[in-house]
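For reference, the structure is listed below as structure tokens.
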Amino acid sequence: MIKLAVIVGSTRKGRFAPVVANWFAAQAGQRTDIELDVLDLADVGLPDVLHGFGEEPADEVKAVSPRLAEADAFVVITPEYNHSFPAPLKSAIDWHFTEWQAKPVGFVSYGGHGGGLRAVEQLRLVFAELHAVTIRDTVSFHGAWARFDDEGDPVDAEGVNGAAKTMLDQLVWWGTALKDARAKQPYEV
């Protein structure tokens, strides 16, 4: 079993993120090989200003850090804002360093015509810098607002549930392999 932290990256008022996050959490929650922790950035209240080197981080950061450190893998749920990812998501990533190292990261994205894929490609660069391994297959919702019904269920449930399963299968494989590797030889940069 791996511990999976799902990070909901949108904090915008009136956001669509909870619809996507609830669907994805339900998919991941059905698995017996995953222990799920959903971390919604709208709820944790991370500060906008990073602390200086050698300074203690804010209490909100201290509350999030152990959850990320304990995770064996991550899924980032991100919208696409101006062909990129939201600033609060980047801030949450930047508050941490070792918590991401030698762990896999999967992506669920949503947006207009691009389906959030431009945000995902940029996040791959960020996570590579943090020594994380990004999963090739993603789940994306193009024109997301038309892809879910009024109850929050995907219109094309078979297709997106299959895409989520593929990504989660890869994430569990990488999460297990890297967890075993970290136990055998701790990762240090």
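Going by the structure tokens order, chains are called A, B, ..., each with residues numbered from 1, while ligands are numbered from 1 in the order shown.
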
Hey, could you make a per-residue contact list for range 31-63 of chain A against range 88-99 of chain A with 10 Å as the cut-off, showing the nearest pair of atoms and its distance in Å to one decimal, counting only C-alpha atoms, sorted by chain and number, as JSON lines?
{"residue": "A:Leu41", "atom": "CA", "partner": "A:Pro88", "partner_atom": "CA", "distance": 7.5}
{"residue": "A:Ala42", "atom": "CA", "partner": "A:Pro88", "partner_atom": "CA", "distance": 8.9}
{"residue": "A:Val44", "atom": "CA", "partner": "A:Ala92", "partner_atom": "CA", "distance": 10.0}
{"residue": "A:Gly45", "atom": "CA", "partner": "A:Pro88", "partner_atom": "CA", "distance": 9.5}
{"residue": "A:Leu46", "atom": "CA", "partner": "A:Ala92", "partner_atom": "CA", "distance": 7.0}
{"residue": "A:Pro47", "atom": "CA", "partner": "A:Ser91", "partner_atom": "CA", "distance": 8.3}
{"residue": "A:Asp48", "atom": "CA", "partner": "A:Ser91", "partner_atom": "CA", "distance": 6.8}
{"residue": "A:Val49", "atom": "CA", "partner": "A:Ser91", "partner_atom": "CA", "distance": 8.3}
{"residue": "A:Leu50", "atom": "CA", "partner": "A:Trp95", "partner_atom": "CA", "distance": 6.8}
{"residue": "A:His51", "atom": "CA", "partner": "A:Trp95", "partner_atom": "CA", "distance": 8.5}
{"residue": "A:Pro57", "atom": "CA", "partner": "A:Trp95", "partner_atom": "CA", "distance": 8.4}
{"residue": "A:Val61", "atom": "CA", "partner": "A:Trp95", "partner_atom": "CA", "distance": 7.2}
{"residue": "A:Lys62", "atom": "CA", "partner": "A:Trp95", "partner_atom": "CA", "distance": 9.9}

Restricting the output to N, CA and C atoms, write the selected residues as a tab-separated table (two decimals), in the first residue's frame.
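What landed in result_23.tsv:
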chain	number	residue	atom	x	y	z
A	41	LEU	N	-5.73	23.10	-1.12
A	41	LEU	CA	-5.01	24.33	-0.81
A	41	LEU	C	-5.94	25.47	-0.38
A	42	ALA	N	-7.20	25.40	-0.78
A	42	ALA	CA	-8.15	26.43	-0.35
A	42	ALA	C	-8.45	26.32	1.15
A	44	VAL	N	-6.09	24.98	3.53
A	44	VAL	CA	-4.92	24.96	4.42
A	44	VAL	C	-4.34	26.35	4.69
A	45	GLY	N	-4.61	27.32	3.84
A	45	GLY	CA	-4.21	28.70	4.11
A	45	GLY	C	-2.71	28.94	4.17
A	46	LEU	N	-1.97	28.39	3.24
A	46	LEU	CA	-0.52	28.63	3.21
A	46	LEU	C	-0.24	30.11	2.95
A	47	PRO	N	0.79	30.65	3.58
A	47	PRO	CA	1.12	32.07	3.37
A	47	PRO	C	1.60	32.32	1.93
A	48	ASP	N	1.46	33.55	1.50
A	48	ASP	CA	1.92	33.94	0.16
A	48	ASP	C	3.41	34.24	0.13
A	49	VAL	N	3.97	34.60	1.27
A	49	VAL	CA	5.37	35.02	1.33
A	49	VAL	C	6.20	33.89	1.94
A	50	LEU	N	7.23	33.47	1.22
A	50	LEU	CA	8.11	32.42	1.73
A	50	LEU	C	8.99	32.97	2.84
A	51	HIS	N	9.28	32.14	3.81
A	51	HIS	CA	10.15	32.55	4.91
A	51	HIS	C	11.60	32.64	4.41
A	57	PRO	N	9.26	28.24	9.38
A	57	PRO	CA	8.08	28.46	8.55
A	57	PRO	C	6.84	28.72	9.41
A	61	VAL	N	2.34	26.07	7.28
A	61	VAL	CA	3.32	25.26	6.53
A	61	VAL	C	3.70	24.04	7.36
A	62	LYS	N	3.92	24.25	8.66
A	62	LYS	CA	4.28	23.14	9.54
A	62	LYS	C	3.17	22.09	9.60

Would you give me, as a ChimeraX atom specification, the residues in range 1-113 of chain A that DSSP reads as alpha helix (DSSP H)? /A:17-29,41-44,59-70,87-94

Find the spatial neighbours of Gly152 in chain A, counting only C-alpha atoms, within a cut-off of 7 Å - ignore same-chain residues fewer than 3 positions away - and output them as a list in words.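 Skipping anything fewer than 3 positions along the chain leaves Val19, Phe148 and Asp149 of chain A.
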
Mind checking which residues fall within 7 Å of range 109-118 of chain A, counting only C-alpha atoms, ignoring those fewer than 4 positions away in the same chain, and posting them as a compact mmCIF listing (two decimals) with all heavy atoms, in the first residue's frame?
# COMPACT_ATOMS: atom_id res chain seq x y z
N ILE A 77 -4.07 18.09 -8.74
CA ILE A 77 -5.25 18.46 -9.52
C ILE A 77 -5.13 19.95 -9.80
O ILE A 77 -5.12 20.76 -8.88
CB ILE A 77 -6.55 18.13 -8.78
CG1 ILE A 77 -6.62 16.62 -8.52
CG2 ILE A 77 -7.77 18.62 -9.57
CD1 ILE A 77 -7.82 16.17 -7.74
N THR A 78 -5.01 20.28 -11.09
CA THR A 78 -4.77 21.68 -11.44
C THR A 78 -5.65 22.16 -12.58
O THR A 78 -5.83 21.46 -13.57
CB THR A 78 -3.28 21.91 -11.79
OG1 THR A 78 -3.07 23.31 -12.01
CG2 THR A 78 -2.86 21.14 -13.03
N PRO A 79 -6.15 23.38 -12.45
CA PRO A 79 -6.75 24.04 -13.61
C PRO A 79 -5.65 24.71 -14.40
O PRO A 79 -4.47 24.68 -14.00
CB PRO A 79 -7.66 25.09 -12.98
CG PRO A 79 -6.94 25.47 -11.73
CD PRO A 79 -6.27 24.21 -11.25
N GLU A 80 -6.02 25.29 -15.50
CA GLU A 80 -5.08 26.08 -16.29
C GLU A 80 -5.52 27.53 -16.25
O GLU A 80 -6.63 27.86 -16.65
CB GLU A 80 -5.06 25.57 -17.73
CG GLU A 80 -4.01 26.23 -18.59
CD GLU A 80 -3.89 25.57 -19.94
OE1 GLU A 80 -3.67 24.36 -20.01
OE2 GLU A 80 -4.05 26.30 -20.94
N HIS A 83 -2.72 29.80 -19.46
CA HIS A 83 -1.80 28.80 -20.03
C HIS A 83 -0.77 28.31 -19.03
O HIS A 83 0.31 27.86 -19.41
CB HIS A 83 -1.11 29.32 -21.29
CG HIS A 83 -2.05 29.45 -22.45
ND1 HIS A 83 -1.60 29.58 -23.73
CD2 HIS A 83 -3.40 29.46 -22.53
CE1 HIS A 83 -2.63 29.69 -24.55
NE2 HIS A 83 -3.73 29.62 -23.83
N SER A 84 -1.07 28.37 -17.74
CA SER A 84 -0.15 27.91 -16.71
C SER A 84 -0.95 27.41 -15.52
O SER A 84 -2.17 27.30 -15.58
CB SER A 84 0.80 29.05 -16.31
OG SER A 84 1.81 28.57 -15.45
N GLN A 122 4.24 22.41 -17.66
CA GLN A 122 5.09 23.32 -16.88
C GLN A 122 5.38 22.75 -15.49
O GLN A 122 6.49 22.88 -14.97
CB GLN A 122 4.43 24.69 -16.78
CG GLN A 122 4.38 25.39 -18.12
CD GLN A 122 3.59 26.67 -18.07
OE1 GLN A 122 3.61 27.38 -17.08
NE2 GLN A 122 2.89 26.98 -19.14
N VAL A 139 -4.77 12.56 -16.57
CA VAL A 139 -6.21 12.64 -16.82
C VAL A 139 -6.49 14.12 -17.05
O VAL A 139 -6.11 14.95 -16.24
CB VAL A 139 -7.04 12.13 -15.63
CG1 VAL A 139 -8.53 12.22 -15.94
CG2 VAL A 139 -6.64 10.71 -15.26
N SER A 140 -7.11 14.44 -18.18
CA SER A 140 -7.42 15.85 -18.45
C SER A 140 -8.84 15.99 -18.94
O SER A 140 -9.36 15.11 -19.64
CB SER A 140 -6.44 16.43 -19.47
OG SER A 140 -6.57 15.79 -20.70
N PHE A 141 -9.42 17.10 -18.55
CA PHE A 141 -10.80 17.41 -18.94
C PHE A 141 -10.80 18.68 -19.78
O PHE A 141 -10.58 19.77 -19.25
CB PHE A 141 -11.68 17.60 -17.70
CG PHE A 141 -11.88 16.34 -16.91
CD1 PHE A 141 -11.07 16.06 -15.82
CD2 PHE A 141 -12.86 15.44 -17.26
CE1 PHE A 141 -11.24 14.89 -15.09
CE2 PHE A 141 -13.05 14.26 -16.55
CZ PHE A 141 -12.23 14.00 -15.45
N HIS A 142 -11.01 18.53 -21.07
CA HIS A 142 -11.10 19.65 -22.00
C HIS A 142 -12.53 20.17 -21.95
O HIS A 142 -13.47 19.38 -22.07
CB HIS A 142 -10.72 19.20 -23.40
CG HIS A 142 -9.36 18.57 -23.45
ND1 HIS A 142 -8.24 19.26 -23.82
CD2 HIS A 142 -8.95 17.32 -23.12
CE1 HIS A 142 -7.20 18.46 -23.73
NE2 HIS A 142 -7.60 17.28 -23.31
N GLY A 143 -12.70 21.46 -21.79
CA GLY A 143 -14.06 22.00 -21.63
C GLY A 143 -14.72 21.36 -20.41
O GLY A 143 -15.84 20.85 -20.49
N ALA A 144 -14.02 21.39 -19.30
CA ALA A 144 -14.38 20.62 -18.11
C ALA A 144 -15.81 20.82 -17.64
O ALA A 144 -16.45 19.88 -17.18
CB ALA A 144 -13.42 20.96 -16.98

For each of A:Val189, A:Ala102, A:Val6, A:Leu130, take the minimum atom-to-atom distance to Ala28 in chain A, counting only C-alpha atoms, then give the residue where this is smallest.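 The answer is A:Val6, which sits nearest to Ala28 in chain A.
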
Run DSSP on the backbone and grab whatever in range 89-186 of chain A lands in strand (DSSP E or B); send it over as number ranges by chain. A: 104-111, 133-134, 139-142, 148, 154

Tell me, in Å to one decimal, how far CA of Tyr81 in chain A is from CA of Arg12 in chain A.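 Result for CA of Tyr81 in chain A versus CA of Arg12 in chain A: 10.5 Å, one decimal.
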